[in-house]
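Have a look at query_7.txt below; it lists compact mmCIF, C-alpha atoms and all ligand atoms.
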# COMPACT_ATOMS: atom_id res chain seq x y z
CA MET D 1 136.46 88.06 -77.48
CA ASP D 2 133.66 85.50 -77.16
CA THR D 3 134.77 82.88 -74.65
CA THR D 4 131.41 81.17 -74.13
CA THR D 5 132.54 77.84 -75.61
CA LEU D 6 135.14 77.53 -72.84
CA PHE D 7 132.29 77.58 -70.35
CA LYS D 8 130.50 74.53 -71.71
CA PRO D 9 130.37 71.63 -69.21
CA PHE D 10 132.49 68.52 -69.72
CA GLN D 11 131.55 65.01 -68.61
CA LEU D 12 133.71 61.90 -68.74
CA LYS D 13 133.32 58.96 -66.35
CA SER D 14 133.84 60.37 -62.82
CA LEU D 15 134.44 63.90 -64.09
CA ASN D 16 131.59 66.41 -64.20
CA LEU D 17 133.18 69.76 -64.93
CA LYS D 18 131.37 73.07 -65.11
CA ASN D 19 133.76 74.41 -67.76
CA ARG D 20 136.86 73.57 -69.79
CA ILE D 21 139.52 75.31 -67.74
CA VAL D 22 141.99 73.13 -65.83
CA MET D 23 144.44 74.47 -63.27
CA ALA D 24 147.78 73.02 -64.36
CA PRO D 25 149.77 71.10 -61.73
CA MET D 26 152.30 73.41 -60.08
CA THR D 27 154.80 72.44 -57.41
CA ARG D 28 154.71 74.98 -54.59
CA SER D 29 156.86 73.33 -51.88
CA PHE D 30 154.66 74.59 -49.06
CA SER D 31 154.07 71.18 -47.43
CA PRO D 32 156.69 70.74 -44.67
CA ASN D 33 157.79 67.10 -44.31
CA GLY D 34 155.45 66.24 -47.17
CA ILE D 35 152.25 67.16 -45.32
CA PRO D 36 149.80 69.57 -46.99
CA THR D 37 148.77 72.31 -44.56
CA ALA D 38 145.49 74.18 -44.03
CA GLU D 39 147.02 76.99 -46.11
CA VAL D 40 147.48 74.59 -49.03
CA ALA D 41 143.82 73.56 -48.74
CA ARG D 42 142.78 77.23 -48.78
CA TYR D 43 144.93 77.92 -51.84
CA TYR D 44 143.17 75.22 -53.87
CA ALA D 45 139.70 76.09 -52.50
CA LYS D 46 140.19 79.67 -53.74
CA ARG D 47 140.67 78.36 -57.30
CA ALA D 48 137.49 76.31 -56.89
CA ALA D 49 135.67 79.43 -55.70
CA GLY D 50 137.14 81.15 -58.76
CA GLU D 51 135.16 78.62 -60.85
CA VAL D 52 138.09 76.68 -62.29
CA GLY D 53 136.55 73.56 -63.89
CA LEU D 54 139.19 71.06 -62.79
CA ILE D 55 142.05 71.63 -60.39
CA LEU D 56 145.12 69.46 -60.80
CA SER D 57 147.21 69.41 -57.65
CA GLU D 58 150.91 70.11 -57.62
CA GLY D 59 152.92 66.92 -58.13
CA THR D 60 152.50 64.77 -54.99
CA VAL D 61 154.85 61.85 -54.54
CA ILE D 62 154.13 58.14 -54.20
CA ASP D 63 155.39 55.84 -51.46
CA ARG D 64 158.99 55.17 -52.49
CA ALA D 65 161.89 56.20 -50.28
CA SER D 66 163.45 58.43 -52.94
CA SER D 67 160.39 59.57 -54.89
CA SER D 68 161.00 63.21 -53.84
CA ALA D 69 164.03 65.47 -54.00
CA ASP D 70 162.44 68.22 -51.90
CA PRO D 71 161.23 67.92 -48.27
CA ASN D 72 158.43 70.43 -48.87
CA ILE D 73 156.82 68.62 -51.77
CA PRO D 74 153.65 66.89 -50.55
CA HIS D 75 153.43 63.12 -50.13
CA PHE D 76 150.47 61.13 -51.32
CA TYR D 77 150.97 58.40 -48.74
CA GLY D 78 151.04 58.13 -44.96
CA GLN D 79 148.24 58.98 -42.57
CA GLN D 80 149.15 62.62 -41.93
CA ALA D 81 149.70 63.60 -45.56
CA LEU D 82 146.52 61.85 -46.67
CA ALA D 83 144.59 63.61 -43.88
CA GLY D 84 145.94 66.87 -45.32
CA TRP D 85 144.72 65.88 -48.78
CA GLN D 86 141.34 64.91 -47.33
CA GLN D 87 141.04 68.48 -46.07
CA VAL D 88 142.01 69.79 -49.51
CA ILE D 89 139.37 67.82 -51.41
CA GLU D 90 136.66 68.59 -48.86
CA GLU D 91 137.32 72.33 -49.13
CA VAL D 92 137.50 72.20 -52.92
CA HIS D 93 134.20 70.33 -53.12
CA ALA D 94 132.59 72.70 -50.62
CA ALA D 95 133.60 75.58 -52.93
CA GLY D 96 132.00 73.80 -55.90
CA GLY D 97 135.19 72.56 -57.57
CA SER D 98 136.54 69.28 -58.93
CA MET D 99 140.07 68.05 -58.36
CA ALA D 100 142.61 65.35 -59.18
CA PRO D 101 145.97 64.87 -57.49
CA GLN D 102 148.97 64.61 -59.79
CA ILE D 103 150.80 61.50 -58.59
CA TRP D 104 154.51 61.62 -59.11
CA HIS D 105 157.88 59.96 -58.71
CA GLN D 106 160.73 62.29 -59.56
CA GLY D 107 163.23 59.62 -60.56
CA ILE D 108 166.90 60.61 -60.80
CA MET D 109 167.21 64.24 -59.69
CA ASP D 110 169.67 67.00 -58.98
CA ASN D 111 170.30 67.39 -55.25
CA HIS D 112 168.05 69.93 -53.53
CA HIS D 113 169.69 73.34 -53.02
CA SER D 114 169.21 73.00 -49.23
CA GLY D 115 171.40 69.91 -49.13
CA TRP D 116 168.42 67.74 -48.05
CA LEU D 117 168.53 64.23 -49.46
CA PRO D 118 166.00 61.39 -49.35
CA PRO D 119 166.94 58.37 -47.19
CA MET D 120 167.76 56.25 -50.25
CA PRO D 121 169.61 57.13 -53.46
CA PHE D 122 167.55 58.51 -56.33
CA GLU D 123 166.30 55.73 -58.61
CA GLY D 124 165.52 55.58 -62.31
CA PRO D 125 165.73 53.39 -65.39
CA SER D 126 169.46 54.14 -65.40
CA GLU D 127 171.56 56.26 -63.05
CA PHE D 128 171.21 59.23 -65.44
CA ASN D 129 168.96 62.29 -65.18
CA ARG D 130 170.27 63.56 -68.50
CA PRO D 131 173.22 62.77 -70.72
CA GLY D 132 176.41 63.19 -68.72
CA PHE D 133 174.71 63.58 -65.33
CA ALA D 134 174.37 60.47 -63.15
CA ASN D 135 172.99 60.89 -59.61
CA GLY D 136 171.44 57.65 -58.38
CA VAL D 137 170.92 53.99 -59.11
CA ALA D 138 169.28 51.95 -61.87
CA MET D 139 166.14 50.23 -60.61
CA THR D 140 165.98 46.45 -60.34
CA GLU D 141 162.91 44.64 -61.63
CA ALA D 142 161.77 44.31 -58.00
CA ASP D 143 162.08 48.11 -57.58
CA ILE D 144 160.04 48.60 -60.73
CA GLU D 145 157.33 46.25 -59.54
CA ALA D 146 157.12 47.94 -56.14
CA THR D 147 156.95 51.36 -57.78
CA ILE D 148 154.10 50.32 -60.07
CA LEU D 149 152.20 49.07 -57.01
CA ALA D 150 152.89 52.35 -55.18
CA PHE D 151 151.38 54.34 -58.08
CA GLY D 152 148.34 52.07 -57.87
CA ARG D 153 147.96 52.59 -54.11
CA ALA D 154 148.17 56.36 -54.52
CA ALA D 155 145.41 56.26 -57.16
CA ALA D 156 143.25 54.05 -54.94
CA ASP D 157 143.77 56.54 -52.08
CA ALA D 158 142.80 59.43 -54.37
CA LYS D 159 139.51 57.70 -55.14
CA ARG D 160 138.93 56.73 -51.51
CA LEU D 161 139.49 60.32 -50.31
CA GLY D 162 136.87 61.54 -52.78
CA PHE D 163 138.98 63.10 -55.55
CA ASP D 164 137.22 63.25 -58.91
CA SER D 165 140.04 61.79 -61.00
CA VAL D 166 143.77 61.13 -60.86
CA GLU D 167 146.60 62.42 -63.03
CA ILE D 168 149.76 60.37 -63.52
CA HIS D 169 152.83 62.56 -64.09
CA GLY D 170 154.57 61.05 -67.08
CA ALA D 171 156.16 64.28 -68.34
CA HIS D 172 159.04 66.75 -67.92
CA GLY D 173 161.95 64.37 -67.47
CA TYR D 174 160.80 62.69 -64.24
CA LEU D 175 160.69 58.94 -63.56
CA ILE D 176 158.11 57.77 -66.09
CA ASP D 177 159.55 60.11 -68.72
CA GLN D 178 163.07 58.87 -67.89
CA PHE D 179 161.82 55.46 -69.05
CA PHE D 180 160.42 56.94 -72.29
CA TRP D 181 163.58 58.83 -73.20
CA GLU D 182 166.35 56.90 -74.94
CA ALA D 183 168.97 59.17 -73.33
CA THR D 184 168.01 58.03 -69.81
CA ASN D 185 166.61 54.57 -70.51
CA THR D 186 169.65 52.54 -71.47
CA ARG D 187 168.25 49.29 -70.04
CA THR D 188 168.77 46.03 -71.82
CA ASP D 189 165.93 44.17 -70.06
CA GLY D 190 162.23 44.25 -70.98
CA TYR D 191 161.82 47.84 -69.71
CA GLY D 192 164.30 49.23 -72.22
CA GLY D 193 164.50 48.95 -75.98
CA LYS D 194 165.20 50.75 -79.21
CA THR D 195 161.65 51.96 -79.83
CA LEU D 196 159.51 54.38 -77.86
CA VAL D 197 156.82 51.70 -77.63
CA GLU D 198 159.29 49.31 -75.99
CA ARG D 199 160.41 51.99 -73.54
CA SER D 200 156.74 52.66 -72.70
CA ARG D 201 156.33 49.34 -70.91
CA PHE D 202 156.84 50.91 -67.46
CA ALA D 203 154.22 53.60 -68.13
CA VAL D 204 151.80 51.03 -69.55
CA GLU D 205 152.15 48.89 -66.44
CA VAL D 206 151.64 51.91 -64.18
CA VAL D 207 148.47 52.88 -66.05
CA LYS D 208 147.16 49.29 -65.94
CA GLU D 209 147.77 49.03 -62.21
CA VAL D 210 146.10 52.40 -61.61
CA ARG D 211 143.12 51.23 -63.69
CA ARG D 212 142.98 47.95 -61.72
CA GLN D 213 142.88 49.95 -58.48
CA VAL D 214 140.31 52.60 -59.42
CA GLY D 215 137.91 50.57 -61.61
CA ASN D 216 136.51 51.41 -65.02
CA ASP D 217 134.43 54.45 -64.12
CA PHE D 218 137.15 56.64 -62.62
CA ALA D 219 138.82 58.97 -65.14
CA ILE D 220 142.59 58.55 -65.53
CA ILE D 221 144.63 61.45 -66.90
CA LEU D 222 148.19 60.95 -68.11
CA ARG D 223 150.49 63.94 -68.52
CA LEU D 224 153.15 63.67 -71.20
CA SER D 225 155.69 66.00 -72.78
CA GLN D 226 157.96 65.63 -75.73
CA TRP D 227 160.34 68.25 -74.29
CA LYS D 228 162.75 67.63 -71.41
CA PRO D 229 164.23 70.24 -69.06
CA ALA D 230 167.61 69.19 -70.48
CA ASP D 231 166.40 69.46 -74.08
CA TYR D 232 163.48 71.70 -74.94
CA GLY D 233 163.58 70.65 -78.59
CA ASN D 234 163.41 66.92 -77.85
CA LYS D 235 160.79 64.80 -79.61
CA LEU D 236 160.13 61.38 -78.09
CA ALA D 237 157.81 60.71 -81.04
CA LYS D 238 159.44 62.05 -84.17
CA THR D 239 156.53 61.37 -86.54
CA PRO D 240 152.74 61.11 -86.23
CA GLN D 241 153.08 57.35 -86.84
CA GLU D 242 155.46 57.00 -83.90
CA MET D 243 153.17 59.14 -81.77
CA GLU D 244 150.17 57.00 -82.67
CA ALA D 245 151.92 53.76 -81.71
CA TRP D 246 153.02 55.29 -78.39
CA LEU D 247 149.74 56.89 -77.37
CA GLN D 248 147.55 54.03 -78.57
CA ARG D 249 149.40 51.65 -76.30
CA LEU D 250 148.82 53.98 -73.36
CA ALA D 251 145.17 54.46 -74.32
CA ASP D 252 144.71 50.69 -74.49
CA ALA D 253 146.24 50.43 -71.01
CA GLY D 254 143.49 52.69 -69.62
CA VAL D 255 144.23 56.38 -70.17
CA ASP D 256 141.05 58.45 -70.58
CA ILE D 257 142.58 61.89 -71.07
CA PHE D 258 145.99 62.86 -72.40
CA HIS D 259 147.41 66.03 -70.87
CA CYS D 260 149.83 67.21 -73.52
CA SER D 261 152.41 69.53 -72.02
CA GLN D 262 153.92 72.20 -74.23
CA ARG D 263 155.61 75.44 -73.27
CA ARG D 264 153.52 77.29 -75.88
CA PHE D 265 150.21 75.79 -76.95
CA TRP D 266 150.45 77.39 -80.40
CA ASP D 267 153.60 75.50 -81.43
CA ALA D 268 152.92 72.95 -84.18
CA GLU D 269 153.96 69.44 -83.18
CA PHE D 270 155.02 68.24 -86.63
CA GLU D 271 155.76 70.02 -89.88
CA GLY D 272 152.97 70.32 -92.40
CA ALA D 273 150.05 71.05 -90.05
CA ASP D 274 149.40 73.59 -87.34
CA LEU D 275 148.06 70.97 -84.89
CA ASN D 276 149.70 71.08 -81.49
CA PHE D 277 150.51 68.06 -79.28
CA ALA D 278 147.00 67.89 -77.80
CA GLY D 279 145.55 68.24 -81.30
CA TRP D 280 147.56 65.30 -82.59
CA ALA D 281 146.87 63.18 -79.51
CA LYS D 282 143.13 63.65 -79.95
CA LYS D 283 143.24 63.04 -83.68
CA LEU D 284 145.36 59.89 -83.35
CA THR D 285 143.63 58.23 -80.38
CA GLY D 286 140.15 59.74 -80.28
CA LYS D 287 140.72 60.33 -76.56
CA ALA D 288 139.97 63.59 -74.80
CA THR D 289 142.96 65.90 -74.46
CA ILE D 290 144.13 68.87 -72.41
CA THR D 291 146.32 71.51 -73.99
CA VAL D 292 148.56 73.81 -71.93
CA GLY D 293 151.36 76.31 -72.29
CA SER D 294 151.33 80.10 -71.98
CA VAL D 295 147.54 80.40 -72.15
CA GLY D 296 146.68 84.03 -71.46
CA LEU D 297 150.33 85.05 -71.01
CA SER D 298 153.00 86.53 -73.26
CA GLY D 299 156.00 84.44 -72.16
CA GLU D 300 156.58 80.75 -71.35
CA PHE D 301 157.08 79.26 -67.89
CA LEU D 302 160.71 78.19 -67.97
CA ALA D 303 161.72 81.69 -68.99
CA ALA D 304 159.62 82.85 -66.02
CA PHE D 305 161.88 80.84 -63.68
CA ARG D 306 164.81 82.80 -65.12
CA GLY D 307 163.06 86.00 -64.16
CA GLU D 308 161.25 86.99 -67.36
CA SER D 309 157.88 88.62 -66.64
CA SER D 310 154.76 87.79 -68.61
CA VAL D 311 151.94 90.17 -69.38
CA PRO D 312 148.36 89.10 -70.14
CA SER D 313 147.68 88.15 -73.75
CA GLY D 314 144.46 87.46 -75.67
CA LEU D 315 142.77 84.10 -76.07
CA ASP D 316 141.84 84.34 -79.77
CA GLU D 317 144.32 81.76 -81.04
CA LEU D 318 143.39 79.39 -78.21
CA LEU D 319 139.69 79.78 -79.03
CA ARG D 320 140.32 79.23 -82.73
CA ARG D 321 141.89 75.86 -81.99
CA PHE D 322 139.40 74.96 -79.26
CA ASP D 323 136.39 75.78 -81.44
CA ARG D 324 137.93 73.69 -84.23
CA GLY D 325 137.82 70.72 -81.85
CA ASP D 326 141.58 70.24 -81.40
CA PHE D 327 141.27 69.59 -77.65
CA ASP D 328 138.63 69.32 -74.94
CA LEU D 329 140.20 71.09 -72.00
CA VAL D 330 142.64 73.94 -71.47
CA GLY D 331 145.35 73.93 -68.80
CA VAL D 332 146.28 77.24 -67.20
CA GLY D 333 149.30 77.43 -64.93
CA ARG D 334 150.92 80.68 -63.89
CA ALA D 335 147.93 82.91 -64.60
CA LEU D 336 145.98 80.93 -61.97
CA LEU D 337 148.93 80.67 -59.60
CA ALA D 338 149.12 84.44 -59.47
CA ASP D 339 145.38 85.10 -59.44
CA PRO D 340 142.68 82.75 -58.10
CA ASP D 341 140.05 84.87 -59.87
CA TRP D 342 141.69 84.76 -63.31
CA LEU D 343 138.86 82.73 -64.83
CA LEU D 344 136.11 84.87 -63.30
CA LYS D 345 137.76 87.93 -64.81
CA ILE D 346 137.81 86.23 -68.22
CA LYS D 347 134.19 85.16 -67.85
CA LEU D 348 133.01 88.60 -66.85
CA GLY D 349 135.12 90.38 -69.48
CA ARG D 350 137.22 92.18 -66.84
CA ALA D 351 140.39 91.88 -68.95
CA ASP D 352 141.77 95.16 -67.62
CA GLU D 353 142.09 93.50 -64.17
CA LEU D 354 144.27 90.58 -65.37
CA ARG D 355 147.67 90.58 -63.71
CA GLY D 356 150.26 88.63 -65.69
CA PHE D 357 153.02 86.74 -63.91
CA THR D 358 156.36 87.48 -62.31
CA LYS D 359 158.51 85.04 -60.42
CA GLU D 360 157.80 86.87 -57.14
CA ALA D 361 154.38 85.17 -57.23
CA LEU D 362 156.15 81.93 -56.31
CA ALA D 363 157.12 83.21 -52.89
CA GLU D 364 153.70 82.76 -51.30
CA LEU D 365 150.39 80.92 -51.60
CA VAL D 366 147.77 83.49 -52.52
C1 LIG T 401 155.89 77.04 -60.25
C2 LIG T 401 155.59 75.94 -61.24
C3 LIG T 401 155.60 74.62 -60.81
C4 LIG T 401 155.30 73.58 -61.69
N1 LIG T 401 155.22 72.29 -61.21
C5 LIG T 401 154.75 71.30 -62.01
C6 LIG T 401 154.42 70.03 -61.47
O1 LIG T 401 154.51 69.75 -60.26
N2 LIG T 401 153.97 69.08 -62.34
C7 LIG T 401 153.83 69.33 -63.67
O2 LIG T 401 153.43 68.44 -64.42
N3 LIG T 401 154.10 70.55 -64.19
C8 LIG T 401 154.51 71.54 -63.39
N4 LIG T 401 154.70 72.81 -63.90
C9 LIG T 401 154.33 73.10 -65.30
C10 LIG T 401 152.88 73.61 -65.38
O3 LIG T 401 151.96 72.60 -65.04
C11 LIG T 401 152.53 74.13 -66.78
O4 LIG T 401 152.65 73.08 -67.70
C12 LIG T 401 153.43 75.28 -67.20
O5 LIG T 401 153.52 76.25 -66.18
C13 LIG T 401 152.92 75.93 -68.48
O6 LIG T 401 151.66 76.51 -68.26
P1 LIG T 401 151.54 78.13 -68.10
O7 LIG T 401 152.29 78.68 -69.24
O8 LIG T 401 150.06 78.38 -68.14
O9 LIG T 401 152.16 78.49 -66.79
C14 LIG T 401 155.02 73.87 -63.04
C15 LIG T 401 155.04 75.19 -63.48
C16 LIG T 401 155.30 76.22 -62.60
C17 LIG T 401 155.24 77.64 -63.09

Output the file's structure as structure tokens, nothing else.
Ligand SMILES: Cc1cc2nc3c(=O)[nH]c(=O)nc-3n(C[C@H](O)[C@H](O)[C@H](O)COP(=O)(O)O)c2cc1C
Amino acid sequence: MDTTTLFKPFQLKSLNLKNRIVMAPMTRSFSPNGIPTAEVARYYAKRAAGEVGLILSEGTVIDRASSSADPNIPHFYGQQALAGWQQVIEEVHAAGGSMAPQIWHQGIMDNHHSGWLPPMPFEGPSEFNRPGFANGVAMTEADIEATILAFGRAAADAKRLGFDSVEIHGAHGYLIDQFFWEATNTRTDGYGGKTLVERSRFAVEVVKEVRRQVGNDFAIILRLSQWKPADYGNKLAKTPQEMEAWLQRLADAGVDIFHCSQRRFWDAEFEGADLNFAGWAKKLTGKATITVGSVGLSGEFLAAFRGESSVPSGLDELLRRFDRGDFDLVGVGRALLADPDWLLKIKLGRADELRGFTKEALAELV
């Protein structure tokens, strides 16, 4: 397997990456009271030492009272948490890596299994996390405005601390995605609407505010998914035309790179072509894209949470699509969670040393 094309550098605005591999954002819940520890910094620095081109942090929440449903998810606000992140980026840079935090608001959530609750009710476009499950309050326009500003402040802090880029989490059924999805955005004001483009207003305003805060030369990544945890088969954009209208609006707002989340990168997005989500996003907008989903592994990540193990799998199909120009960058999640040296092993052809993934890997930061 000739993987040399994956090791070509990538340059876009503030990003100067040594190769095309991106560590996918993965929540680890090892930051007590929202403060990343020295162990968290070491965990990311090991992936930098393992030559990962770009590290995306686990989701790290913005400054809203109910942006997190888990007390061990890191904050991206407050002096102590930001000092923790400063340590992270310094160690990653010292190990030769590049990194962006994934800034996040979880929106309406299930209660944490520990019984911990944020000081204010969960907030979202409506009180629903998914059809039939309400667990919070619908945001007022003042809440929306304050939340947009909080995303902007987090992005400004990312730049100030020295991160190389910022990723906005607009995927997987969390706040921004709750606005996109008609099942959770039942608003009748200017943030709701019948079309996906109308329901994108919140995301567009977040991206614009982030752009205003970081300036033109700082790369902005937006992560999106068609699927929801409550509906894996969901399609926000049901046709390429609908996808083009949606993504173009976000591109015009300031997105540089679309991070197109799929559970399996080889799944075609629409009938009639084998292009995946990242392939379509690049074709429709001309923007750079990141693909992700079961790269190098036999099984997908949600099945992994249910206990299904994954064994290493080849990269031929990934390379076929990459070499065809479908996407620019390749996100790798669990394979890098379990093994900081995954990419080095690929580079050096040490495939027999690849480990696969079992859910036990989640128990510690290696
Ligand atoms: C433990 C774990 C935590 C995750 N947390 C996040 C997260 O915080 N933000 C996010 O956008 N995706 C998250 N994901 C999804 C991953 O970024 C990635 O899209 C998914 O694992 C598929 O890639 P993989 O098959 O290479 O693991 C998480 C996945 C795992 C396994």

So that all listed atoms of ligand LIG 401 (chain T) fit with 4 Å spare on each side, what axis-aligned box centre and edge lengths in Å, to one decimal, would you give as JSON?
{"center_x": 153.0, "center_y": 73.6, "center_z": -64.7, "size_x": 13.8, "size_y": 18.2, "size_z": 17.0}

**Request:** Measuring atom to atom with only C-alpha atoms, identify which of D:Ala100, D:Ile62, D:Arg187, D:Met139 is nearest to Ala154 in chain D.
**Result:** D:Ile62

**Request:** Might you pull out every residue within 10 Å of Glu141 in chain D, with all atoms listed in the file counted and same-chain residues fewer than 2 positions away left off, and present them as a count of residues only?
**Result:** 11

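Candidate residues D:Leu224, D:Leu82, D:Leu250, D:Leu329 were compared for distance to ligand LIG 401 (chain T), and the nearest is D:Leu224, using only C-alpha atoms and all ligand atoms.
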
**Request:** Go through D:Ala171, D:Val207, D:Ala245, D:Ile89 one by one, measure the shortest atom-to-atom distance of each to Gln226 in chain D using only C-alpha atoms, and give the residue with the smallest value.
**Result:** D:Ala171

**Asked** Could you pull the residues within 10 Å of range 129-131 of chain D, counting only C-alpha atoms, minus those fewer than 6 positions along the same chain, as a list in words?
**Response**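 Everything that qualifies: Gln106, Gly107, Ile108, Met109, Asp110, Phe122, Glu123, Gly173, Tyr174, Leu175, Gln178, Trp181, Glu182, Ala183, Thr184, Asn185, Lys228, Pro229, Ala230 and Asp231 of chain D.
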
**Item:** Nearest-residue call for Arg306 in chain D, choices D:Asp339, D:Glu360, D:Glu127, D:Asp352, using only C-alpha atoms
**Value:** D:Glu360

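With CA of Gln79 in chain D on one side and CA of Gln102 in chain D on the other, the separation reads 18.1 Å.
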
Can I get the residues of chain D within 6 Å of ligand LIG 401 (chain T), each with the closest pair of atoms and their distance in Å to one decimal, using only C-alpha atoms and all ligand atoms, sorted chain first then ascending number, as CSV?
residue,atom,partner,partner_atom,distance
D:Ala24,CA,T:LIG401,O3,4.3
D:Pro25,CA,T:LIG401,O3,4.2
D:Met26,CA,T:LIG401,N1,3.3
D:Thr27,CA,T:LIG401,N1,3.8
D:Glu58,CA,T:LIG401,O1,4.5
D:Gly59,CA,T:LIG401,O1,3.9
D:His169,CA,T:LIG401,O2,5.9
D:Ser261,CA,T:LIG401,O4,5.6
D:Arg263,CA,T:LIG401,C13,5.5
D:Val292,CA,T:LIG401,O6,5.5
D:Gly293,CA,T:LIG401,O7,4.0
D:Ser294,CA,T:LIG401,O7,3.2
D:Val295,CA,T:LIG401,O8,5.1
D:Glu300,CA,T:LIG401,O7,5.2
D:Phe301,CA,T:LIG401,O5,5.0
D:Val332,CA,T:LIG401,O8,4.1
D:Gly333,CA,T:LIG401,O8,3.4
D:Arg334,CA,T:LIG401,O9,3.8

**Message:** List as a ChimeraX atom specification the protein and nucleic acid residues near Ser31 in chain D, meaning an atom at most 6 Å away when all atoms listed in the file are counted, but skip any in the same chain fewer than 6 places from it.
**Reply:** /D:72-74

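Minimum distance to Ala38 in chain D across D:Thr188, D:Asn216, D:Gln86, D:Ser114 (counting only C-alpha atoms) occurs at D:Gln86.
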
Name the residues, using the chain letters and numbers of the file, that sit within 8 Å of (131.0, 65.8, -56.3) when counting all atoms listed in the file, and give them as a PDB file with C-alpha atoms, in the coordinates of the input.
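Saved to selection-v9.pdb:
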ATOM      1  CA  ASN D  16     131.590  66.410 -64.200  1.00  0.00           C
ATOM      2  CA  HIS D  93     134.200  70.330 -53.120  1.00  0.00           C
ATOM      3  CA  SER D  98     136.540  69.280 -58.930  1.00  0.00           C
ATOM      4  CA  ASP D 164     137.220  63.250 -58.910  1.00  0.00           C
TER       5      ASP D 164
END

Range 87-177 of chain D residues near range 44-56 of chain D within 6 Å, closest pair each, using all atoms listed in the file, as a tab-separated table:
residue	atom	partner	partner_atom	distance
D:Glu91	CA	D:Ala45	CA	5.6
D:Val92	CA	D:Ala45	CA	4.5
D:Ala95	CA	D:Ala49	CA	5.2
D:Gly97	CA	D:Ala48	CA	4.5
D:Ser98	CA	D:Leu54	CA	5.0
D:Met99	CA	D:Ile55	CA	4.6
D:Ala100	CA	D:Leu56	CA	5.1
D:Pro101	CA	D:Leu56	CA	5.7
